[in-house]
Each structure stands twice: as C-alpha cells, then as structure tokens.
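**Student:** Below is the file my_file-v4.tsv, which contains TSV, C-alpha atoms and all ligand atoms.
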```
chain	number	residue	atom	x	y	z
A	1	MET	CA	33.14	-152.14	-124.31
A	2	PRO	CA	35.56	-149.58	-125.81
A	3	ASP	CA	36.91	-146.97	-123.41
A	4	PRO	CA	35.06	-143.67	-124.17
A	5	ASP	CA	38.28	-141.69	-123.43
A	6	ASP	CA	40.10	-143.68	-126.14
A	7	ALA	CA	37.39	-142.83	-128.63
A	8	THR	CA	37.56	-139.12	-127.77
A	9	LEU	CA	41.33	-139.18	-128.09
A	10	ARG	CA	41.17	-141.01	-131.41
A	11	GLU	CA	38.64	-138.50	-132.66
A	12	ALA	CA	40.79	-135.58	-131.53
A	13	LEU	CA	43.85	-137.09	-133.21
A	14	ALA	CA	41.86	-137.71	-136.38
A	15	ASP	CA	40.71	-134.08	-136.27
A	16	ALA	CA	44.31	-132.90	-135.76
A	17	ASP	CA	45.36	-134.93	-138.81
A	18	VAL	CA	42.57	-133.36	-140.83
A	19	TYR	CA	43.59	-129.86	-139.75
A	20	ARG	CA	47.25	-130.52	-140.47
A	21	THR	CA	46.42	-131.94	-143.90
A	22	LEU	CA	44.30	-128.89	-144.61
A	23	LEU	CA	46.97	-126.46	-143.40
A	24	GLU	CA	49.69	-128.15	-145.35
A	25	SER	CA	47.77	-128.28	-148.58
A	26	THR	CA	47.06	-124.54	-148.78
A	27	ARG	CA	49.22	-122.15	-150.76
A	28	ALA	CA	49.52	-119.99	-147.64
A	29	ILE	CA	52.22	-121.18	-145.27
A	30	PRO	CA	51.14	-121.62	-141.64
A	31	TRP	CA	53.56	-121.09	-138.77
A	32	LYS	CA	53.65	-120.75	-135.01
A	33	ILE	CA	56.20	-119.04	-132.74
A	34	ASP	CA	56.43	-119.54	-129.01
A	35	TRP	CA	56.59	-116.04	-127.50
A	36	ALA	CA	58.77	-116.91	-124.48
A	37	SER	CA	61.53	-118.67	-126.43
A	38	MET	CA	61.00	-116.87	-129.77
A	39	ARG	CA	61.32	-120.25	-131.49
A	40	PHE	CA	59.27	-121.70	-134.28
A	41	THR	CA	57.20	-124.54	-132.91
A	42	TYR	CA	55.74	-125.15	-136.33
A	43	ILE	CA	56.12	-124.05	-139.93
A	44	GLY	CA	54.35	-125.63	-142.90
A	45	PRO	CA	56.43	-127.79	-145.22
A	46	GLN	CA	55.31	-125.60	-148.16
A	47	ILE	CA	57.96	-123.10	-147.03
A	48	GLU	CA	60.60	-125.24	-148.73
A	49	SER	CA	58.99	-125.15	-152.15
A	50	LEU	CA	58.45	-121.39	-151.87
A	51	LEU	CA	61.78	-120.21	-150.46
A	52	GLY	CA	64.02	-123.25	-150.77
A	53	TRP	CA	65.06	-123.30	-147.10
A	54	PRO	CA	64.32	-126.72	-145.52
A	55	GLN	CA	61.43	-126.82	-143.08
A	56	ALA	CA	63.77	-127.84	-140.25
A	57	SER	CA	66.03	-124.82	-140.81
A	58	TRP	CA	63.39	-122.45	-139.41
A	59	SER	CA	64.30	-122.52	-135.71
A	60	THR	CA	64.07	-119.02	-134.29
A	61	VAL	CA	62.81	-115.56	-135.18
A	62	GLU	CA	66.43	-114.74	-136.02
A	63	ASP	CA	66.19	-117.15	-138.95
A	64	TRP	CA	63.09	-115.30	-140.09
A	65	ALA	CA	64.76	-111.87	-139.73
A	66	ALA	CA	68.01	-112.98	-141.36
A	67	ARG	CA	66.14	-114.22	-144.42
A	68	MET	CA	64.57	-110.87	-145.05
A	69	HIS	CA	65.72	-108.18	-147.50
A	70	PRO	CA	68.11	-105.88	-145.57
A	71	GLU	CA	66.08	-102.83	-146.65
A	72	ASP	CA	62.91	-104.30	-145.12
A	73	ARG	CA	64.38	-105.89	-142.02
A	74	GLU	CA	64.50	-103.04	-139.53
A	75	ARG	CA	61.07	-101.71	-140.45
A	76	VAL	CA	59.32	-105.08	-140.46
A	77	VAL	CA	60.98	-106.63	-137.43
A	78	GLY	CA	60.46	-103.44	-135.40
A	79	PHE	CA	56.82	-103.22	-136.43
A	80	CYS	CA	56.02	-106.89	-135.79
A	81	VAL	CA	57.74	-106.94	-132.38
A	82	ALA	CA	55.95	-103.76	-131.29
A	83	GLN	CA	52.55	-105.02	-132.46
A	84	SER	CA	53.07	-108.42	-130.85
A	85	GLN	CA	54.17	-106.87	-127.56
A	86	ALA	CA	51.03	-104.75	-127.63
A	87	GLY	CA	49.03	-107.91	-128.34
A	88	VAL	CA	47.69	-106.56	-131.62
A	89	ASP	CA	47.03	-108.75	-134.67
A	90	HIS	CA	48.86	-107.37	-137.67
A	91	GLU	CA	50.25	-107.98	-141.11
A	92	ALA	CA	53.47	-106.99	-142.84
A	93	ASP	CA	54.75	-107.12	-146.40
A	94	TYR	CA	58.44	-107.80	-147.00
A	95	ARG	CA	60.86	-109.46	-149.34
A	96	ALA	CA	61.96	-112.88	-148.12
A	97	MET	CA	65.27	-114.23	-149.38
A	98	THR	CA	65.23	-117.59	-151.11
A	99	HIS	CA	67.90	-120.23	-150.57
A	100	ASP	CA	69.45	-119.32	-153.94
A	101	GLY	CA	69.55	-115.58	-153.13
A	102	ARG	CA	66.44	-114.27	-154.90
A	103	TYR	CA	63.64	-112.37	-153.18
A	104	VAL	CA	59.95	-113.22	-152.95
A	105	TRP	CA	57.35	-110.75	-151.74
A	106	ILE	CA	55.59	-112.14	-148.67
A	107	ARG	CA	52.58	-110.93	-146.74
A	108	ASP	CA	52.75	-112.22	-143.19
A	109	VAL	CA	49.40	-112.16	-141.40
A	110	VAL	CA	49.91	-112.53	-137.66
A	111	HIS	CA	47.49	-113.41	-134.89
A	112	VAL	CA	48.57	-112.95	-131.27
A	113	VAL	CA	47.46	-115.81	-129.00
A	114	ARG	CA	47.05	-114.86	-125.34
A	115	ARG	CA	46.94	-116.99	-122.24
A	116	ALA	CA	44.03	-116.85	-119.77
A	117	ASP	CA	45.95	-114.22	-117.75
A	118	GLY	CA	46.23	-112.01	-120.83
A	119	ALA	CA	49.97	-112.50	-121.39
A	120	VAL	CA	51.14	-113.27	-124.93
A	121	ASP	CA	51.53	-117.02	-125.38
A	122	SER	CA	52.44	-117.39	-129.01
A	123	LEU	CA	52.11	-115.94	-132.46
A	124	VAL	CA	50.41	-117.84	-135.23
A	125	GLY	CA	50.17	-116.76	-138.78
A	126	PHE	CA	50.21	-117.37	-142.47
A	127	MET	CA	52.76	-116.30	-145.03
A	128	PHE	CA	51.29	-115.50	-148.42
A	129	ASP	CA	53.28	-115.25	-151.63
A	130	ILE	CA	52.24	-111.84	-152.99
A	131	SER	CA	54.92	-111.52	-155.70
A	132	GLU	CA	52.37	-111.38	-158.51
A	133	ARG	CA	50.29	-108.76	-156.73
A	134	LYS	CA	53.41	-106.69	-156.02
A	135	LYS	CA	54.45	-106.96	-159.66
A	136	ASP	CA	51.02	-105.66	-160.69
A	137	GLU	CA	51.24	-102.87	-158.11
A	138	GLU	CA	54.72	-101.88	-159.29
A	139	GLU	CA	53.57	-101.90	-162.92
A	140	LEU	CA	50.59	-99.75	-161.98
A	141	LEU	CA	52.86	-97.33	-160.14
A	142	ARG	CA	55.23	-97.20	-163.12
A	143	LEU	CA	52.30	-96.49	-165.46
A	144	HIS	CA	51.00	-93.86	-163.09
A	145	ARG	CA	54.40	-92.12	-163.00
A	146	GLU	CA	54.71	-92.37	-166.77
A	147	LEU	CA	51.24	-90.86	-167.18
A	148	GLU	CA	52.16	-88.07	-164.79
A	149	ARG	CA	55.37	-87.42	-166.73
A	150	LEU	CA	53.50	-87.43	-170.05
A	151	SER	CA	50.85	-85.07	-168.74
A	152	MET	CA	53.64	-82.59	-167.94
A	153	THR	CA	55.58	-83.05	-171.19
A	154	ASP	CA	55.07	-81.39	-174.54
A	155	GLY	CA	54.34	-84.10	-177.10
A	156	LEU	CA	56.31	-82.52	-179.93
A	157	THR	CA	59.50	-81.21	-178.35
A	158	GLY	CA	59.75	-83.49	-175.30
A	159	ILE	CA	60.38	-80.55	-172.96
A	160	ALA	CA	58.01	-79.41	-170.18
A	161	ASN	CA	54.58	-78.26	-171.29
A	162	ARG	CA	52.43	-75.32	-170.26
A	163	ARG	CA	50.83	-77.32	-167.49
A	164	MET	CA	54.18	-78.07	-165.91
A	165	PHE	CA	55.18	-74.42	-166.27
A	166	ASP	CA	51.97	-73.18	-164.60
A	167	THR	CA	52.43	-75.62	-161.72
A	168	ARG	CA	56.05	-74.66	-161.16
A	169	LEU	CA	55.41	-70.93	-161.53
A	170	GLY	CA	52.84	-71.13	-158.71
A	171	THR	CA	55.26	-72.96	-156.43
A	172	GLU	CA	58.28	-70.81	-157.24
A	173	TRP	CA	56.34	-67.55	-156.93
A	174	LYS	CA	55.31	-68.48	-153.41
A	175	ALA	CA	58.86	-69.60	-152.53
A	176	ALA	CA	60.33	-66.35	-153.88
A	177	ARG	CA	57.84	-64.27	-151.88
A	178	GLU	CA	58.52	-66.22	-148.70
A	179	GLY	CA	62.28	-66.31	-149.19
A	180	GLY	CA	62.60	-62.69	-150.37
A	181	LYS	CA	64.37	-63.95	-153.51
A	182	PRO	CA	64.11	-62.82	-157.12
A	183	LEU	CA	62.48	-64.87	-159.84
A	184	SER	CA	62.89	-64.25	-163.56
A	185	LEU	CA	61.05	-65.15	-166.74
A	186	VAL	CA	62.31	-65.24	-170.29
A	187	ILE	CA	59.75	-65.66	-173.07
A	188	VAL	CA	61.15	-66.70	-176.44
A	189	ASP	CA	58.92	-66.33	-179.49
A	190	ILE	CA	60.18	-67.43	-182.91
A	191	ASP	CA	59.97	-64.68	-185.50
A	192	CYS	CA	57.74	-64.97	-188.55
A	193	PHE	CA	57.06	-68.62	-187.92
A	194	LYS	CA	53.91	-68.59	-190.00
A	195	GLN	CA	56.06	-67.74	-193.01
A	196	TYR	CA	58.48	-70.49	-192.00
A	197	ASN	CA	55.68	-73.03	-192.13
A	198	ASP	CA	54.40	-71.58	-195.38
A	199	ALA	CA	57.85	-71.73	-196.98
A	200	HIS	CA	59.22	-75.00	-195.59
A	201	GLY	CA	56.14	-76.97	-194.62
A	202	HIS	CA	54.65	-77.97	-191.31
A	203	VAL	CA	56.95	-80.96	-190.81
A	204	ALA	CA	60.02	-78.75	-191.12
A	205	GLY	CA	58.25	-76.32	-188.76
A	206	ASP	CA	57.89	-79.09	-186.20
A	207	GLU	CA	61.54	-79.98	-186.62
A	208	CYS	CA	62.53	-76.34	-186.09
A	209	LEU	CA	60.50	-76.15	-182.86
A	210	THR	CA	62.04	-79.39	-181.61
A	211	ARG	CA	65.59	-78.21	-182.27
A	212	ILE	CA	65.02	-74.87	-180.57
A	213	GLY	CA	63.25	-76.49	-177.61
A	214	GLY	CA	66.12	-78.97	-177.20
A	215	MET	CA	68.72	-76.22	-177.41
A	216	LEU	CA	66.93	-74.11	-174.78
A	217	GLN	CA	66.68	-77.14	-172.53
A	218	GLU	CA	70.42	-77.79	-172.82
A	219	LEU	CA	71.13	-74.17	-172.11
A	220	SER	CA	69.37	-74.27	-168.77
A	221	GLN	CA	71.99	-75.38	-166.28
A	222	ARG	CA	70.49	-74.70	-162.87
A	223	PRO	CA	68.52	-77.52	-161.29
A	224	GLY	CA	65.46	-75.36	-160.41
A	225	ASP	CA	65.06	-73.86	-163.90
A	226	VAL	CA	62.10	-74.85	-166.04
A	227	VAL	CA	62.15	-74.67	-169.83
A	228	ALA	CA	58.70	-75.16	-171.26
A	229	ARG	CA	56.83	-74.88	-174.51
A	230	PHE	CA	54.45	-72.07	-173.74
A	231	GLY	CA	52.35	-72.11	-176.87
A	232	GLY	CA	52.70	-72.81	-180.59
A	233	GLU	CA	56.06	-71.18	-181.38
A	234	GLU	CA	56.65	-69.73	-177.95
A	235	PHE	CA	58.93	-71.03	-175.22
A	236	ILE	CA	59.34	-69.85	-171.66
A	237	LEU	CA	62.12	-70.13	-169.13
A	238	LEU	CA	61.34	-69.91	-165.44
A	239	LEU	CA	64.49	-69.00	-163.50
A	240	PRO	CA	64.01	-69.12	-159.73
A	241	GLY	CA	66.61	-67.07	-157.85
A	242	ALA	CA	67.85	-65.33	-161.02
A	243	ASP	CA	68.22	-61.53	-160.73
A	244	GLU	CA	68.13	-58.99	-163.60
A	245	THR	CA	71.73	-59.62	-164.66
A	246	ALA	CA	71.35	-63.41	-164.65
A	247	ALA	CA	68.06	-63.21	-166.56
A	248	ARG	CA	69.55	-60.96	-169.22
A	249	GLU	CA	72.53	-63.32	-169.59
A	250	VAL	CA	70.20	-66.28	-170.07
A	251	ALA	CA	68.17	-64.33	-172.65
A	252	GLU	CA	71.34	-63.41	-174.55
A	253	ALA	CA	72.45	-67.04	-174.43
A	254	CYS	CA	69.07	-68.02	-175.94
A	255	VAL	CA	69.56	-65.57	-178.82
A	256	ARG	CA	73.11	-66.84	-179.44
A	257	GLY	CA	71.91	-70.46	-179.22
A	258	ILE	CA	69.20	-69.91	-181.83
A	259	ALA	CA	71.67	-68.12	-184.12
A	260	ARG	CA	74.12	-70.99	-183.72
A	261	LEU	CA	71.53	-73.46	-184.97
A	262	ARG	CA	71.52	-71.53	-188.26
A	263	ILE	CA	68.11	-72.82	-189.30
A	264	PRO	CA	67.51	-71.38	-192.79
A	265	HIS	CA	64.44	-69.15	-192.97
A	266	GLY	CA	64.43	-66.73	-195.94
A	267	GLY	CA	61.51	-65.39	-197.90
A	268	PRO	CA	60.08	-61.91	-198.38
A	269	GLY	CA	60.61	-59.64	-195.38
A	270	VAL	CA	62.35	-62.21	-193.16
A	271	GLY	CA	65.99	-62.87	-192.32
A	272	ASP	CA	68.16	-65.68	-193.73
A	273	ILE	CA	68.08	-67.71	-190.57
A	274	VAL	CA	65.46	-68.28	-187.86
A	275	THR	CA	65.54	-65.69	-185.07
A	276	ALA	CA	63.40	-64.98	-182.03
A	277	SER	CA	62.08	-62.08	-180.01
A	278	LEU	CA	62.38	-62.18	-176.26
A	279	GLY	CA	60.59	-60.61	-173.30
A	280	VAL	CA	62.50	-60.72	-170.00
A	281	GLY	CA	61.51	-59.75	-166.49
A	282	THR	CA	62.58	-60.15	-162.89
A	283	ALA	CA	60.23	-59.99	-159.94
A	284	ARG	CA	60.77	-59.81	-156.21
A	285	PRO	CA	57.25	-60.77	-155.24
A	286	ALA	CA	55.64	-58.78	-152.46
A	287	ALA	CA	52.30	-59.34	-150.80
A	288	GLY	CA	49.54	-58.51	-153.29
A	289	ASP	CA	51.67	-59.15	-156.40
A	290	THR	CA	50.50	-62.03	-158.51
A	291	ALA	CA	52.42	-64.35	-160.82
A	292	ARG	CA	49.72	-63.80	-163.43
A	293	ASP	CA	50.34	-60.03	-163.56
A	294	PHE	CA	54.09	-60.58	-163.71
A	295	LEU	CA	53.71	-63.04	-166.58
A	296	ALA	CA	51.46	-60.59	-168.41
A	297	ALA	CA	54.01	-57.77	-167.90
A	298	VAL	CA	56.85	-59.89	-169.36
A	299	ASP	CA	54.57	-60.89	-172.22
A	300	ARG	CA	54.02	-57.19	-172.96
A	301	ARG	CA	57.79	-56.78	-173.24
A	302	LEU	CA	57.80	-59.59	-175.79
A	303	TYR	CA	55.08	-57.78	-177.68
A	304	ASP	CA	57.29	-54.65	-177.64
A	305	ALA	CA	60.22	-56.68	-179.01
A	306	LYS	CA	58.01	-57.79	-181.92
A	307	ALA	CA	56.74	-54.25	-182.47
A	308	ARG	CA	60.27	-52.84	-182.47
A	309	GLY	CA	61.44	-55.02	-185.32
A	310	ARG	CA	61.88	-58.58	-183.88
A	311	ASN	CA	65.16	-60.46	-183.25
A	312	ARG	CA	65.68	-58.51	-180.03
A	313	ILE	CA	65.38	-58.63	-176.27
A	314	GLU	CA	63.14	-56.29	-174.29
A	315	VAL	CA	63.53	-56.19	-170.54
A	316	LEU	CA	60.95	-55.22	-167.95
A	317	GLU	CA	62.57	-52.23	-166.23
A	318	GLN	CA	62.97	-52.58	-162.50
A	319	GLY	CA	61.84	-49.02	-161.71
A	320	HIS	CA	58.71	-49.43	-163.77
A	321	ARG	CA	57.81	-52.82	-162.47
A	322	ALA	CA	54.80	-51.77	-160.43
A	323	ALA	CA	53.34	-49.74	-163.29
A	324	ALA	CA	54.22	-52.39	-165.84
A	325	LEU	CA	52.48	-55.05	-163.78
A	326	ARG	CA	49.25	-53.15	-164.10
A	327	ALA	CA	49.49	-51.92	-167.68
A	328	PRO	CA	47.20	-53.54	-170.23
A	329	ARG	CA	48.74	-55.20	-173.31
A	330	PRO	CA	48.96	-52.60	-176.11
B	1	LIG	N1	54.94	-76.51	-187.51
B	1	LIG	C1	54.27	-76.08	-186.47
B	1	LIG	N2	53.78	-74.83	-186.48
B	1	LIG	C2	53.14	-74.39	-185.40
B	1	LIG	C3	52.95	-75.19	-184.27
B	1	LIG	N3	52.27	-74.47	-183.35
B	1	LIG	C4	52.01	-73.26	-183.89
B	1	LIG	N4	52.54	-73.20	-185.14
B	1	LIG	C5	52.49	-72.12	-186.10
B	1	LIG	O1	53.15	-70.97	-185.64
B	1	LIG	C6	52.65	-69.87	-186.37
B	1	LIG	C7	52.58	-68.67	-185.45
B	1	LIG	O2	52.15	-67.59	-186.24
B	1	LIG	P1	51.98	-66.13	-185.70
B	1	LIG	O3	51.32	-66.20	-184.33
B	1	LIG	O4	51.29	-65.35	-186.75
B	1	LIG	O5	53.41	-65.60	-185.43
B	1	LIG	P2	54.63	-65.43	-186.40
B	1	LIG	O6	54.33	-65.81	-187.79
B	1	LIG	O7	55.77	-66.19	-185.76
B	1	LIG	O8	54.91	-63.92	-186.31
B	1	LIG	P3	55.61	-63.11	-185.16
B	1	LIG	O9	55.47	-63.89	-183.91
B	1	LIG	O10	54.88	-61.82	-185.11
B	1	LIG	O11	57.02	-62.96	-185.56
B	1	LIG	C8	51.30	-70.26	-186.95
B	1	LIG	O12	51.40	-70.35	-188.34
B	1	LIG	C9	51.07	-71.65	-186.35
B	1	LIG	O13	50.42	-72.52	-187.26
B	1	LIG	C10	53.47	-76.51	-184.29
B	1	LIG	O14	53.35	-77.29	-183.36
B	1	LIG	N5	54.12	-76.90	-185.39
```
Will you turn the file into structure tokens for me?
Ligand SMILES: Nc1nc2c(ncn2[C@@H]2O[C@H](COP(=O)(O)OP(=O)(O)OP(=O)(O)O)[C@@H](O)[C@H]2O)c(=O)[nH]1
**Tutor:**
Amino acid sequence: MPDPDDATLREALADADVYRTLLESTRAIPWKIDWASMRFTYIGPQIESLLGWPQASWSTVEDWAARMHPEDRERVVGFCVAQSQAGVDHEADYRAMTHDGRYVWIRDVVHVVRRADGAVDSLVGFMFDISERKKDEEELLRLHRELERLSMTDGLTGIANRRMFDTRLGTEWKAAREGGKPLSLVIVDIDCFKQYNDAHGHVAGDECLTRIGGMLQELSQRPGDVVARFGGEEFILLLPGADETAAREVAEACVRGIARLRIPHGGPGVGDIVTASLGVGTARPAAGDTARDFLAAVDRRLYDAKARGRNRIEVLEQGHRAAALRAPRP
C-alpha cells in the first residue's frame, strides 16, 4: 500500500512544478522579497533576457534600487517602501537599467503578504515590460503638445495667433491688476495692403506678412511679450509691465523695423515702400476696467492713425484713458 502522505507530497511537488513552469513562461517576471531581510527569495529567470543581469545577481532590494534610473529612484523607492510598510498593494512605473546601460520601462505590481498576526511577511510581485506602452504614451504626449502649439500659432507667419493673444491678454490683464503694474498694447496695421495684393499678387502679400511678422517677433526682447497676428494684415504686441515710454519706444522700433525691410510697394496714392499705422496704449487696470475696452480704445487710436494719413503712431493719452475706454469707434 503506498503511503498516503507520500502521495500528497508528490502531488504538492507536482503542483509546485506546474506553478513554477507557468510563472517562468510568462512575459511578466515574478519575484518575491522577504520583508525582514529585504532579500530576494525568488526572481524569475526571464529577468536575464529582459535586463541582462543574471538571475543570481538579484540578492537584495539594494540591487533593485541600484538598477533603477537615478531620476526615478528616490520617488519609486520611497513610494514602494511607504506603501509596503502600510501593508498596501501598489504598483510603480520606473526605468530599470539593463546590464549594458540602457533603460527599460518597467511596471512593478506589488502584493503585500501578511502573516496571521498582521505583520508584513513578504512582498510578491510581477515586473512588466511597458516600454512599448510608454513609447506610445510619449508619442501621444508629443502629438498633444504639437497640436497645442499649432492651435496657438498662425499658419502663415509662424508667430502667435489671435487665440494665443486672447489667452495671454486675459492672464496678463489680471496679473497687472493684481500687481498694480502697467500693461501696454501696440497694434500694427500695414498700410494700403489691399493695393499691395492687387499690385504684387497674393503670394507676394503672404511673403510681406511673413517678413513683417518675423521682424516684429525678433524685435520683442522681453520674455513676457507676445507678438501675434491679430487679423489679416494686422499684428499686435502685448507688453506686460511696459509703461507709456516703453510702449512708445517699442512702437517706434516697429516703424523703423518695417522701414528697414524696404519692401517695395508703389502704385497710385501709396508710398514707395510698405509702411504701417500704429495704435498704442498703456493701461493700469483698476477694478471694473476690462481688457476688451482697453483693446477697443487702442484700436480706435489705430483708426485715428489711418484717418490722419497712415504711416504714423497714435497713442492713447493717459489723461483721457477713462473717457477713451468708453468712447465708441468713430
Ligand atoms: N496676401 C494676403 N493678404 C491678406 C491676408 N489677410 C488679409 N489680407 C488682405 O489684406 C487686405 C486688407 O485690406 P483693407 O482692410 O482694405 O486695408 P488696407 O488696404 O491695408 O488699407 P488700410 O488699412 O486702410 O491702410 C485685404 O485685401 C485682404 O485680402 C493674407 O493672409 N495674405
């Protein structure tokens, strides 16, 4: 008669073999760490084909931490230790270093095993190679950023578009009001651009806009400034922190910059080279003032510059600001 204990043992061993075979044939890498000694009591042999480090070289949690990207180490080790101490199952993504110095994105899924008295006995888990997923995520993020950039960029000139300007004006208006700082606008509108298109063609018109947009962009030196295409042949400069003097200087630099480009215009009733009319204004926003009214007031100054013969700068007078903010466009 066979001993029933022998049979049970044989069965258990056969089961253990089955489990081990199963564990070692998955793409996920199983491991176990004894909590008291912080040593690996098991790690699947697949680790060697994934990271290149021999199975036997994984002795302690220090080996695990040392083979992690330095930028991930503190965050991941701190998180995993805290979660394990609290007895909470968790997962962490990090870059594991391969034997030949490359990095592989790993997701470690950790289960905390407790003893009957509730104390932590060991940690068991699986390491998953998530490099492909990370690559997809990074590509998605890159595309998202690119889309965001494109949605804020003018397709023709490559400078900021109206949407970007509107967004930044809102933010800067609020900051100026809260910080008690000035904020200036310079609107630049090319003179007689319809005639330019008529005389030189639309493609040359596009080229002219691109050159002027690029020049204005180069002219803006301060990091907070925004140079945007405001409409067809209109550009706008948002100058946070700039007072009346600074705004006027920027406007004069715009005029000089356009003259320096010496883009031939010509034709009946227009000058030899392309010029622009500018509206300039400075606000020190108070409660109740709106960016929209300020923008409209500066736009009215631009309208005045056109009405007074073009190729000139008209400035929103400080003393008349309140009235000007409320005046309708002529
Ligand atoms: N080439 C080109 N032309 C554009 C573009 N956007 C707007 N325009 C042209 O810009 C011209 C603007 O004409 P108007 O608004 O009459 O202004 P203007 O001829 O510049 O006259 P003033 O502003 O009064 O000096 C129109 O002919 C538009 O077709 C563009 O992207 N490319």
**Student:** One decimal, in Å: what's the spacing between atom CA of A:Leu140 and atom CA of A:Asp166?
**Tutor:**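 Going from atom CA of A:Leu140 over to atom CA of A:Asp166, I get 26.7 Å.
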**Student:** If I wrap all listed atoms of ligand LIG 1 (chain B) in a box with edges along x, y and z and add 8 Å on each side, what are its centre and edge lengths in Å to one decimal, as lines of an AutoDock Vina configuration file?
**Tutor:**
```
center_x = 53.7
center_y = -69.6
center_z = -185.8
size_x = 22.6
size_y = 31.5
size_z = 21.0
```
**Student:** Given the choices A:Ile313, A:Leu219, A:Val188, A:Leu183, which gets closest to A:Leu239 if the distance is worked out from only C-alpha atoms?
**Tutor:**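 Among the listed residues, A:Leu183 lies closest to A:Leu239.
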**Student:** Enumerate as a ChimeraX atom specification the residues within 9 Å of ligand LIG 1 (chain B), counting all atoms listed in the file.
**Tutor:** /A:156-157,189-198,201-209,231-234,275-277,303,306-307,310-311
**Student:** Atom CA of A:Arg39 and atom CA of A:Gln55, how far apart in Å?
**Tutor:**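 It comes out at 13.3 Å.
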**Student:** So which one's closest to A:Leu51, A:Ile106, A:Phe79, A:Leu22, A:Asp5? Using all atoms listed in the file, please.
**Tutor:** A:Ile106
**Student:** Rounded to one decimal, what separation in Å do you get between atom CA of A:Phe40 and atom CA of A:Thr60?
**Tutor:** 5.5 Å
**Student:** Do you know which residues are at most 9 Å from A:Cys80 counting all atoms listed in the file, after dropping those on the same chain fewer than 4 positions away, and could you put them as a ChimeraX atom specification?
**Tutor:** /A:75-76,84-85,90-92,110
**Student:** If we draw a sphere of 9 Å around (52.7, -64.0, -154.9), which residues have at least one atom in it when counting only C-alpha atoms? Please report them as a list in words.
**Tutor:**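 Checking each residue against the 9 Å limit leaves Gly170, Trp173, Lys174, Ala175, Ala176, Arg177, Glu178, Pro285, Ala286, Ala287, Gly288, Asp289, Thr290 and Ala291 of chain A.
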**Student:** Using the selection just defined, write its residues with C-alpha atoms as a compact mmCIF listing (two decimals), in the coordinates of the input.
**Tutor:**
```txt
# COMPACT_ATOMS: atom_id res chain seq x y z
CA GLY A 170 52.84 -71.13 -158.71
CA TRP A 173 56.34 -67.55 -156.93
CA LYS A 174 55.31 -68.48 -153.41
CA ALA A 175 58.86 -69.60 -152.53
CA ALA A 176 60.33 -66.35 -153.88
CA ARG A 177 57.84 -64.27 -151.88
CA GLU A 178 58.52 -66.22 -148.70
CA PRO A 285 57.25 -60.77 -155.24
CA ALA A 286 55.64 -58.78 -152.46
CA ALA A 287 52.30 -59.34 -150.80
CA GLY A 288 49.54 -58.51 -153.29
CA ASP A 289 51.67 -59.15 -156.40
CA THR A 290 50.50 -62.03 -158.51
CA ALA A 291 52.42 -64.35 -160.82
```
**Student:** Have a look at A:Ala305, A:Arg229, A:Ala199, A:Ala82 and name the one nearest to A:Arg163; count all atoms listed in the file.
**Tutor:** A:Arg229
**Student:** So, counting all atoms listed in the file, which residue among A:Arg142, A:Arg248, A:Arg284, A:Arg256 is closest to A:Val315?
**Tutor:**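 Looking only at the distances to A:Val315, the closest residue turns out to be A:Arg248.
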**Student:** List as a PDB file with C-alpha atoms, in the frame of the given file the residues having at least one atom at most 8 Å from position (61.1, -73.3, -171.4) as given in the file, counting only C-alpha atoms.
**Tutor:**
```pdb
ATOM      1  CA  ILE A 159      60.380 -80.550-172.960  1.00  0.00           C
ATOM      2  CA  ALA A 160      58.010 -79.410-170.180  1.00  0.00           C
ATOM      3  CA  PHE A 165      55.180 -74.420-166.270  1.00  0.00           C
ATOM      4  CA  ILE A 187      59.750 -65.660-173.070  1.00  0.00           C
ATOM      5  CA  GLY A 213      63.250 -76.490-177.610  1.00  0.00           C
ATOM      6  CA  LEU A 216      66.930 -74.110-174.780  1.00  0.00           C
ATOM      7  CA  GLN A 217      66.680 -77.140-172.530  1.00  0.00           C
ATOM      8  CA  VAL A 226      62.100 -74.850-166.040  1.00  0.00           C
ATOM      9  CA  VAL A 227      62.150 -74.670-169.830  1.00  0.00           C
ATOM     10  CA  ALA A 228      58.700 -75.160-171.260  1.00  0.00           C
ATOM     11  CA  ARG A 229      56.830 -74.880-174.510  1.00  0.00           C
ATOM     12  CA  PHE A 230      54.450 -72.070-173.740  1.00  0.00           C
ATOM     13  CA  PHE A 235      58.930 -71.030-175.220  1.00  0.00           C
ATOM     14  CA  ILE A 236      59.340 -69.850-171.660  1.00  0.00           C
ATOM     15  CA  LEU A 237      62.120 -70.130-169.130  1.00  0.00           C
ATOM     16  CA  LEU A 238      61.340 -69.910-165.440  1.00  0.00           C
TER      17      LEU A 238
END
```
**Student:** Using all atoms listed in the file, which of A:Trp105, A:Phe294, A:Tyr42, A:Tyr94 sits nearest A:Val124?
**Tutor:**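 Closest to A:Val124 of all the choices is A:Tyr42.
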**Student:** What's the 12 Å shell around A:Val113, counting all atoms listed in the file, without same-chain residues fewer than 4 positions away, as a list in words?
**Tutor:**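 Answer for this query is Lys32, Ile33, Asp34, Trp35, Ser84, Gln85, Ala86, Gly87, Val88, Asp89, Asp117, Gly118, Ala119, Val120, Asp121, Ser122, Leu123, Val124 and Gly125 of chain A.
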**Student:** Could the residues in this selection be saved with C-alpha atoms as a PDB file, keeping the file's coordinate frame?
**Tutor:**
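Result went into result_38.pdb, see below:
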```pdb
ATOM      1  CA  LYS A  32      53.650-120.750-135.010  1.00  0.00           C
ATOM      2  CA  ILE A  33      56.200-119.040-132.740  1.00  0.00           C
ATOM      3  CA  ASP A  34      56.430-119.540-129.010  1.00  0.00           C
ATOM      4  CA  TRP A  35      56.590-116.040-127.500  1.00  0.00           C
ATOM      5  CA  SER A  84      53.070-108.420-130.850  1.00  0.00           C
ATOM      6  CA  GLN A  85      54.170-106.870-127.560  1.00  0.00           C
ATOM      7  CA  ALA A  86      51.030-104.750-127.630  1.00  0.00           C
ATOM      8  CA  GLY A  87      49.030-107.910-128.340  1.00  0.00           C
ATOM      9  CA  VAL A  88      47.690-106.560-131.620  1.00  0.00           C
ATOM     10  CA  ASP A  89      47.030-108.750-134.670  1.00  0.00           C
ATOM     11  CA  ASP A 117      45.950-114.220-117.750  1.00  0.00           C
ATOM     12  CA  GLY A 118      46.230-112.010-120.830  1.00  0.00           C
ATOM     13  CA  ALA A 119      49.970-112.500-121.390  1.00  0.00           C
ATOM     14  CA  VAL A 120      51.140-113.270-124.930  1.00  0.00           C
ATOM     15  CA  ASP A 121      51.530-117.020-125.380  1.00  0.00           C
ATOM     16  CA  SER A 122      52.440-117.390-129.010  1.00  0.00           C
ATOM     17  CA  LEU A 123      52.110-115.940-132.460  1.00  0.00           C
ATOM     18  CA  VAL A 124      50.410-117.840-135.230  1.00  0.00           C
ATOM     19  CA  GLY A 125      50.170-116.760-138.780  1.00  0.00           C
TER      20      GLY A 125
END
```
**Student:** Pick from A:Gly241, A:Val186, A:Glu11, A:Ala246: nearest to A:Ala297, with all atoms listed in the file counted?
**Tutor:**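 Checking each candidate against A:Ala297, we get A:Val186 as the closest.
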